[in-house]
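Below is one structure, written out as structure tokens; comments come after it.
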Amino acid sequence: MRLATLPALLALNLARVNVHAHHQRDEFHQQPLGMDLVDVDVATEPWTSKYGAQVDLGYTGPLSFSHLPYSRCLDDGAARFDIGLLGMPFDTTTSYRPGARFGPFAIRAGSRRQGTGRSTLAWGTSPEELGAGLLDCGDIPLSAYDNAKALDQMEAAYSTLLARPVRGGATAAYKPSTAAFAIDGKEHPRLVTLGGDHTIVLPILRSLNKVYGPVSVIHFDAHLDTWAPLPGTVGQERITHGSFFAIAAEEGLMTNTSVHAGIRCQMNGKQDIEHDDSVGFQVISTDDIDDYGIVQVVKKIRERIGSSPVYLSLDIDVVDPGMAPATGTPEPGGWTTREVKRILRGLSGLNFVGADIVEVAPAYDNADITGIAAADIVYDFLAMMQLDIPPVPHVGPFSKADLLL
Ligand SMILES: [Mn+2]
């Protein structure tokens, strides 16, 4: 859009205005009975004839992720997407600070200045250039009062959208990615979920299990989230944002080839790590990035996951609270946003069947920094999930001899 010529822009805009006018006439501007419908030619009106389209600016317009088309996909059987964004506004299984029900809103708000059609030096391409049809599928209207019901709603909605036919690409660059792993051998859409507290991953894994069988998980987080349910709890109370991976293991939803990245939480003791190991995870700690470097961290994750279908879940608290304060259980001493972004680029080409970002709780934010960081990471997901191999880094004026390594 930015590169379009003025006449092209005007034509595009006029088309859009007309579509919009029809939409308004059909749904919002019901004509009083007995009166003729008056058609307005906006092209002759003062605004359009002089200034063209009513475009959305970076800080204006209805709120969808990165100004992508928006549909309430659960209601809209005609909605087609290869990668859909789906909000899960849920935060009633948190142990400390609630508020992640506002996460989807904050991430969309943080995405307004970015564009999925814009490239970066680091990626050398853009999510749209890579071909998948992208659509913001809105939020699931979840119960805020009944966790069992909310988890069932999340599973029902996720399963509904996973079963939809794919769009099959918005450009010729599109490549199918999931049929090879699906039990039914068909291509299924992929979802990037905007949480929500971390418990949302349990219903997601239940849904994915029905389509792909058990998957491996790459889990970016300051915390293990594999803790056994608290002693004395039964039924729904066992399922929290710190125990959902243990429940997922009980249910056989994961392979034993999962990995945590960025762990630095306090623990009850060595038994926590032993239990973590028993439910299928290896631990890459926050400090490993200093001791071994980003290249080794990426290598270890890739080796662990191999060619298995993999789900990526990123808790924003993996980022240092200085850069992402708006989260439920902040842990000082975390990775920088830049480090997380570099690791994500290195994971391109793994067989991703879905991804999420969770635990963004904007009531604790300052100047939207957490929402903006989270939105930036979602942009990275959209590229990472489509590339066959990690991007070649931009070199600029440097040579190998300049490397500090
Ligand atoms: Mn977590």
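Here's how to read the names in the structure tokens: chain A, B, ... by the order shown, residue numbers from 1 in each chain, ligand numbers from 1 in the order shown.
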
Residues within 9 Å of ligand 1 (only C-alpha atoms and all ligand atoms), as an mmCIF file with C-alpha atoms, in the first residue's frame?
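selection.cif, freshly written:
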data_model
loop_
_atom_site.group_PDB
_atom_site.id
_atom_site.type_symbol
_atom_site.label_atom_id
_atom_site.label_comp_id
_atom_site.auth_asym_id
_atom_site.auth_seq_id
_atom_site.Cartn_x
_atom_site.Cartn_y
_atom_site.Cartn_z
ATOM 1 C CA ASP A 197 -2.777 -17.227 31.172
ATOM 2 C CA HIS A 198 -0.633 -20.256 30.400
ATOM 3 C CA THR A 199 -3.342 -22.819 31.167
ATOM 4 C CA HIS A 219 8.440 -23.788 25.884
ATOM 5 C CA PHE A 220 9.918 -20.318 26.434
ATOM 6 C CA ASP A 221 9.313 -19.386 30.063
ATOM 7 C CA ALA A 222 10.978 -18.329 33.308
ATOM 8 C CA HIS A 223 9.042 -21.162 34.985
ATOM 9 C CA LEU A 224 8.805 -24.913 34.470
ATOM 10 C CA ASP A 225 4.966 -25.128 34.418
ATOM 11 C CA HIS A 241 -0.935 -22.109 34.893
ATOM 12 C CA GLY A 242 1.868 -23.904 36.784
ATOM 13 C CA SER A 313 4.515 -21.742 23.584
ATOM 14 C CA LEU A 314 6.093 -18.486 24.712
ATOM 15 C CA ASP A 315 5.386 -17.008 28.123
ATOM 16 C CA ILE A 316 6.255 -13.312 27.930
ATOM 17 C CA ASP A 317 7.923 -13.666 31.353
ATOM 18 C CA VAL A 318 10.866 -15.335 29.591
ATOM 19 C CA THR A 329 4.706 -13.761 37.733
ATOM 20 C CA VAL A 358 0.753 -15.958 26.872
ATOM 21 C CA GLU A 359 0.730 -14.154 30.219
#

request  = Pick out the residues sitting within 8 Å of stretch 102-104 of chain A, and hand them over as a PyMOL selection string; count only C-alpha atoms, and ignore anything fewer than 5 positions along from it in its own chain.
outcome  = chain A and resi 87-89+139+194-196+358-362+371

Would you output that residue set with C-alpha atoms, as a CSV table (one decimal), in the first residue's frame?
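Printed below is selection.csv as written:
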chain,number,residue,atom,x,y,z
A,87,GLY,CA,-7.5,-14.6,21.2
A,88,MET,CA,-8.1,-16.6,24.4
A,89,PRO,CA,-8.9,-13.9,27.0
A,139,ASP,CA,-11.5,-13.8,20.4
A,194,LEU,CA,-2.9,-14.7,21.9
A,195,GLY,CA,-3.3,-15.5,25.6
A,196,GLY,CA,-4.5,-15.6,28.2
A,358,VAL,CA,0.8,-16.0,26.9
A,359,GLU,CA,0.7,-14.2,30.2
A,360,VAL,CA,0.6,-10.6,28.8
A,361,ALA,CA,-1.3,-8.7,31.5
A,362,PRO,CA,-1.3,-5.0,30.4
A,371,GLY,CA,2.3,-5.3,24.4

inquiry  = Between A:Ser66, A:Glu155, A:Tyr212, A:Val166, which residue has the minimum interatomic distance to A:Ile183, considering only C-alpha atoms?
reply    =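 Closest candidate: A:Tyr212.
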
With only C-alpha atoms as the counted atoms, please give the residues lying no more than 12 Å from A:Ala367, apart from itself and same-chain residues fewer than 6 positions off, as a short mmCIF file (atom, residue, chain, number, x, y, z; two decimals) with N, CA and C atoms, in the first residue's frame.
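File around20.cif, as written:
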data_model
loop_
_atom_site.label_atom_id
_atom_site.label_comp_id
_atom_site.auth_asym_id
_atom_site.auth_seq_id
_atom_site.Cartn_x
_atom_site.Cartn_y
_atom_site.Cartn_z
N ALA A 106 -4.13 -6.18 24.34
CA ALA A 106 -2.85 -5.45 24.44
C ALA A 106 -1.91 -5.82 23.30
N ALA A 109 -3.20 -4.13 20.22
CA ALA A 109 -2.91 -2.70 20.31
C ALA A 109 -1.42 -2.44 20.07
N GLY A 110 -0.58 -3.33 20.57
CA GLY A 110 0.87 -3.19 20.39
C GLY A 110 1.32 -3.44 18.96
N MET A 323 11.98 -5.27 30.42
CA MET A 323 11.53 -5.08 29.03
C MET A 323 10.11 -5.58 28.82
N ALA A 324 9.62 -6.38 29.76
CA ALA A 324 8.25 -6.89 29.66
C ALA A 324 7.67 -7.02 31.07
N PRO A 325 7.38 -5.87 31.67
CA PRO A 325 6.89 -5.90 33.07
C PRO A 325 5.46 -6.40 33.22
N ALA A 326 4.68 -6.33 32.14
CA ALA A 326 3.24 -6.60 32.26
C ALA A 326 2.96 -8.08 32.18
N ALA A 373 6.28 -5.42 22.61
CA ALA A 373 7.25 -6.53 22.51
C ALA A 373 6.54 -7.82 22.10
#

message = At a cut-off of 12 Å, using only C-alpha atoms, what residues contact A:Glu339? Leave out same-chain residues fewer than 3 positions from it and give the result as a PyMOL selection string.
response = chain A and resi 220+261-262+286+288-290+293-295+297-298+318-320+323+334-336+342-346+377

Take the residues from that selection and write them out as a compact mmCIF listing (two decimals), in the first residue's frame, keeping C-alpha atoms.
# COMPACT_ATOMS: atom_id res chain seq x y z
CA PHE A 220 9.92 -20.32 26.43
CA ALA A 261 14.14 -22.26 27.19
CA GLY A 262 14.90 -19.40 29.58
CA THR A 286 18.52 -18.31 31.27
CA ASP A 288 23.05 -20.80 29.24
CA ILE A 289 22.84 -17.98 26.76
CA ASP A 290 25.91 -16.37 28.38
CA GLY A 293 25.80 -18.47 23.30
CA ILE A 294 22.73 -18.14 21.13
CA VAL A 295 24.02 -20.45 18.39
CA VAL A 297 20.97 -22.64 22.45
CA VAL A 298 19.36 -22.81 19.01
CA VAL A 318 10.87 -15.34 29.59
CA VAL A 319 11.79 -11.74 28.71
CA ASP A 320 13.33 -9.69 31.52
CA MET A 323 11.53 -5.08 29.03
CA GLY A 334 15.65 -12.69 32.02
CA TRP A 335 16.56 -12.71 28.36
CA THR A 336 16.34 -9.53 26.34
CA ARG A 342 17.30 -14.21 17.59
CA ILE A 343 16.51 -17.63 19.01
CA LEU A 344 13.11 -17.64 17.29
CA ARG A 345 14.73 -16.92 13.92
CA GLY A 346 17.06 -19.86 14.51
CA ILE A 377 7.33 -11.59 18.74

request  = Report the distance between atom CA of A:Gln153 and atom CA of A:Pro69 in Å, rounded to one decimal place.
outcome  =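 Taking atom CA of A:Gln153 as the start and atom CA of A:Pro69 as the end point, the length is 23.7 Å.
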
request  = Can you work out which one of A:Ala132, A:Leu312, A:Val259, A:Leu86 has the shortest atom-to-atom distance to A:Gln386, counting only C-alpha atoms?
outcome  =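 Smallest separation from A:Gln386 among the options: A:Ala132.
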
inquiry  = Taking the DSSP secondary structure from the backbone, can you list the residues of stretch 188-376 of chain A that are strand (DSSP E or B), as a ChimeraX atom specification?
reply    = /A:190-195,215-220,254,258-263,281-285,309-315,319,327,335,351-358,360

May I have the selected residues written with C-alpha atoms, as a PDB file, in the first residue's frame?
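What landed in again.pdb:
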ATOM      1  CA  ARG A 190      -2.311 -23.270  11.923  1.00  0.00           C
ATOM      2  CA  LEU A 191      -3.225 -20.926  14.742  1.00  0.00           C
ATOM      3  CA  VAL A 192      -1.191 -18.345  16.620  1.00  0.00           C
ATOM      4  CA  THR A 193      -3.002 -17.927  19.917  1.00  0.00           C
ATOM      5  CA  LEU A 194      -2.908 -14.707  21.924  1.00  0.00           C
ATOM      6  CA  GLY A 195      -3.334 -15.533  25.636  1.00  0.00           C
ATOM      7  CA  VAL A 215       3.518 -33.337  19.693  1.00  0.00           C
ATOM      8  CA  SER A 216       6.777 -32.030  21.118  1.00  0.00           C
ATOM      9  CA  VAL A 217       6.776 -28.622  22.757  1.00  0.00           C
ATOM     10  CA  ILE A 218       9.245 -25.738  22.747  1.00  0.00           C
ATOM     11  CA  HIS A 219       8.440 -23.788  25.884  1.00  0.00           C
ATOM     12  CA  PHE A 220       9.918 -20.318  26.434  1.00  0.00           C
ATOM     13  CA  MET A 254       3.198 -34.691  24.362  1.00  0.00           C
ATOM     14  CA  SER A 258      10.181 -31.304  24.637  1.00  0.00           C
ATOM     15  CA  VAL A 259      12.406 -28.463  25.802  1.00  0.00           C
ATOM     16  CA  HIS A 260      12.197 -25.401  28.048  1.00  0.00           C
ATOM     17  CA  ALA A 261      14.144 -22.263  27.193  1.00  0.00           C
ATOM     18  CA  GLY A 262      14.897 -19.396  29.579  1.00  0.00           C
ATOM     19  CA  ILE A 263      14.196 -21.069  32.948  1.00  0.00           C
ATOM     20  CA  PHE A 281      11.358 -31.808  29.119  1.00  0.00           C
ATOM     21  CA  GLN A 282      14.993 -30.758  28.922  1.00  0.00           C
ATOM     22  CA  VAL A 283      15.951 -27.461  30.533  1.00  0.00           C
ATOM     23  CA  ILE A 284      17.902 -24.646  28.891  1.00  0.00           C
ATOM     24  CA  SER A 285      18.408 -22.064  31.620  1.00  0.00           C
ATOM     25  CA  PRO A 309       5.572 -31.944  14.793  1.00  0.00           C
ATOM     26  CA  VAL A 310       6.170 -29.202  17.353  1.00  0.00           C
ATOM     27  CA  TYR A 311       4.091 -26.657  19.223  1.00  0.00           C
ATOM     28  CA  LEU A 312       5.765 -23.452  20.436  1.00  0.00           C
ATOM     29  CA  SER A 313       4.515 -21.742  23.584  1.00  0.00           C
ATOM     30  CA  LEU A 314       6.093 -18.486  24.712  1.00  0.00           C
ATOM     31  CA  ASP A 315       5.386 -17.008  28.123  1.00  0.00           C
ATOM     32  CA  VAL A 319      11.793 -11.743  28.712  1.00  0.00           C
ATOM     33  CA  THR A 327       2.995 -10.207  33.309  1.00  0.00           C
ATOM     34  CA  TRP A 335      16.556 -12.708  28.362  1.00  0.00           C
ATOM     35  CA  ASN A 351       7.662 -28.518  11.836  1.00  0.00           C
ATOM     36  CA  PHE A 352       5.440 -26.063  13.675  1.00  0.00           C
ATOM     37  CA  VAL A 353       1.787 -27.020  14.038  1.00  0.00           C
ATOM     38  CA  GLY A 354       0.907 -23.940  16.102  1.00  0.00           C
ATOM     39  CA  ALA A 355       2.226 -21.303  18.494  1.00  0.00           C
ATOM     40  CA  ASP A 356       1.096 -18.984  21.249  1.00  0.00           C
ATOM     41  CA  ILE A 357       2.172 -16.064  23.365  1.00  0.00           C
ATOM     42  CA  VAL A 358       0.753 -15.958  26.872  1.00  0.00           C
ATOM     43  CA  VAL A 360       0.625 -10.594  28.849  1.00  0.00           C
TER      44      VAL A 360
END

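Using only C-alpha atoms, the residues found no farther than 9 Å from A:His275, other than those of its own chain fewer than 4 positions away, are A:Thr226, A:Trp227, A:Ala228, A:Ala246, A:Lys270, A:Gln271, A:Val279, A:Gly280.
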
query = In terms of the shortest atom-to-atom distance over only C-alpha atoms, which of A:Val201, A:Gln266, A:Ser278, A:Ala122 is closest to A:Arg338?
reply =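 The closest residue to A:Arg338 is A:Ala122.
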
Backbone-only DSSP, alpha helix (DSSP H) members of stretch 192-397 of chain A, as a PDB file with C-alpha atoms, in the first residue's frame:
ATOM      1  CA  VAL A 201      -2.093 -24.512  26.356  1.00  0.00           C
ATOM      2  CA  LEU A 202      -3.840 -27.560  27.852  1.00  0.00           C
ATOM      3  CA  PRO A 203      -7.007 -27.303  25.716  1.00  0.00           C
ATOM      4  CA  ILE A 204      -4.797 -26.389  22.723  1.00  0.00           C
ATOM      5  CA  LEU A 205      -2.725 -29.557  23.187  1.00  0.00           C
ATOM      6  CA  ARG A 206      -5.931 -31.586  23.572  1.00  0.00           C
ATOM      7  CA  SER A 207      -7.130 -30.225  20.222  1.00  0.00           C
ATOM      8  CA  LEU A 208      -3.793 -30.731  18.477  1.00  0.00           C
ATOM      9  CA  ASN A 209      -3.653 -34.298  19.793  1.00  0.00           C
ATOM     10  CA  LYS A 210      -6.840 -35.157  17.946  1.00  0.00           C
ATOM     11  CA  VAL A 211      -5.370 -33.920  14.658  1.00  0.00           C
ATOM     12  CA  TYR A 212      -1.675 -34.840  14.973  1.00  0.00           C
ATOM     13  CA  PHE A 244      -0.928 -27.684  32.925  1.00  0.00           C
ATOM     14  CA  PHE A 245       2.104 -29.390  31.352  1.00  0.00           C
ATOM     15  CA  ALA A 246       1.990 -32.107  34.050  1.00  0.00           C
ATOM     16  CA  ILE A 247      -1.694 -32.648  33.237  1.00  0.00           C
ATOM     17  CA  ALA A 248      -0.878 -32.709  29.504  1.00  0.00           C
ATOM     18  CA  ALA A 249       1.729 -35.412  30.205  1.00  0.00           C
ATOM     19  CA  GLU A 250      -0.818 -37.406  32.248  1.00  0.00           C
ATOM     20  CA  LYS A 270      15.781 -31.029  42.869  1.00  0.00           C
ATOM     21  CA  GLN A 271      12.597 -33.088  42.756  1.00  0.00           C
ATOM     22  CA  ASP A 272      11.015 -30.387  40.558  1.00  0.00           C
ATOM     23  CA  ILE A 273      13.643 -30.953  37.864  1.00  0.00           C
ATOM     24  CA  GLU A 274      13.353 -34.728  38.205  1.00  0.00           C
ATOM     25  CA  HIS A 275       9.588 -34.486  37.773  1.00  0.00           C
ATOM     26  CA  ASP A 276      10.086 -32.107  34.848  1.00  0.00           C
ATOM     27  CA  ASP A 277      12.393 -34.640  33.206  1.00  0.00           C
ATOM     28  CA  SER A 278       9.837 -37.406  33.787  1.00  0.00           C
ATOM     29  CA  ASP A 288      23.050 -20.803  29.244  1.00  0.00           C
ATOM     30  CA  ILE A 289      22.838 -17.982  26.758  1.00  0.00           C
ATOM     31  CA  ASP A 290      25.909 -16.373  28.384  1.00  0.00           C
ATOM     32  CA  ASP A 291      27.820 -19.599  28.912  1.00  0.00           C
ATOM     33  CA  GLY A 293      25.795 -18.471  23.295  1.00  0.00           C
ATOM     34  CA  ILE A 294      22.726 -18.139  21.127  1.00  0.00           C
ATOM     35  CA  VAL A 295      24.020 -20.455  18.391  1.00  0.00           C
ATOM     36  CA  GLN A 296      24.374 -23.342  20.862  1.00  0.00           C
ATOM     37  CA  VAL A 297      20.975 -22.635  22.451  1.00  0.00           C
ATOM     38  CA  VAL A 298      19.364 -22.811  19.005  1.00  0.00           C
ATOM     39  CA  LYS A 299      21.315 -25.956  18.145  1.00  0.00           C
ATOM     40  CA  LYS A 300      20.231 -27.759  21.329  1.00  0.00           C
ATOM     41  CA  ILE A 301      16.561 -26.898  20.758  1.00  0.00           C
ATOM     42  CA  ARG A 302      16.712 -28.058  17.141  1.00  0.00           C
ATOM     43  CA  GLU A 303      18.449 -31.302  18.091  1.00  0.00           C
ATOM     44  CA  ARG A 304      15.868 -32.010  20.772  1.00  0.00           C
ATOM     45  CA  ILE A 305      12.873 -31.417  18.498  1.00  0.00           C
ATOM     46  CA  THR A 337      13.669  -9.197  23.678  1.00  0.00           C
ATOM     47  CA  ARG A 338      16.494  -9.177  21.117  1.00  0.00           C
ATOM     48  CA  GLU A 339      17.876 -12.476  22.384  1.00  0.00           C
ATOM     49  CA  VAL A 340      14.443 -14.132  22.244  1.00  0.00           C
ATOM     50  CA  LYS A 341      13.924 -12.820  18.706  1.00  0.00           C
ATOM     51  CA  ARG A 342      17.299 -14.206  17.585  1.00  0.00           C
ATOM     52  CA  ILE A 343      16.513 -17.630  19.013  1.00  0.00           C
ATOM     53  CA  LEU A 344      13.109 -17.640  17.295  1.00  0.00           C
ATOM     54  CA  ARG A 345      14.734 -16.916  13.922  1.00  0.00           C
ATOM     55  CA  GLY A 346      17.057 -19.859  14.506  1.00  0.00           C
ATOM     56  CA  ILE A 369       6.254  -1.809  26.160  1.00  0.00           C
ATOM     57  CA  THR A 370       5.097  -5.352  26.915  1.00  0.00           C
ATOM     58  CA  GLY A 371       2.261  -5.265  24.392  1.00  0.00           C
ATOM     59  CA  ILE A 372       4.601  -3.902  21.721  1.00  0.00           C
ATOM     60  CA  ALA A 373       7.255  -6.535  22.511  1.00  0.00           C
ATOM     61  CA  ALA A 374       4.641  -9.313  22.403  1.00  0.00           C
ATOM     62  CA  ALA A 375       3.263  -8.078  19.071  1.00  0.00           C
ATOM     63  CA  ASP A 376       6.774  -7.990  17.634  1.00  0.00           C
ATOM     64  CA  ILE A 377       7.325 -11.587  18.737  1.00  0.00           C
ATOM     65  CA  VAL A 378       4.044 -12.611  17.061  1.00  0.00           C
ATOM     66  CA  TYR A 379       5.301 -11.038  13.814  1.00  0.00           C
ATOM     67  CA  ASP A 380       8.392 -13.233  14.209  1.00  0.00           C
ATOM     68  CA  PHE A 381       6.189 -16.321  14.726  1.00  0.00           C
ATOM     69  CA  LEU A 382       4.414 -15.593  11.438  1.00  0.00           C
ATOM     70  CA  ALA A 383       7.730 -15.590   9.556  1.00  0.00           C
ATOM     71  CA  MET A 384       9.340 -18.417  11.566  1.00  0.00           C
TER      72      MET A 384
END

query = Hey, which of A:Gly138, A:Pro127, A:Gly185, A:Pro176 ends up closest to A:Leu74? Count only C-alpha atoms.
reply = A:Gly138
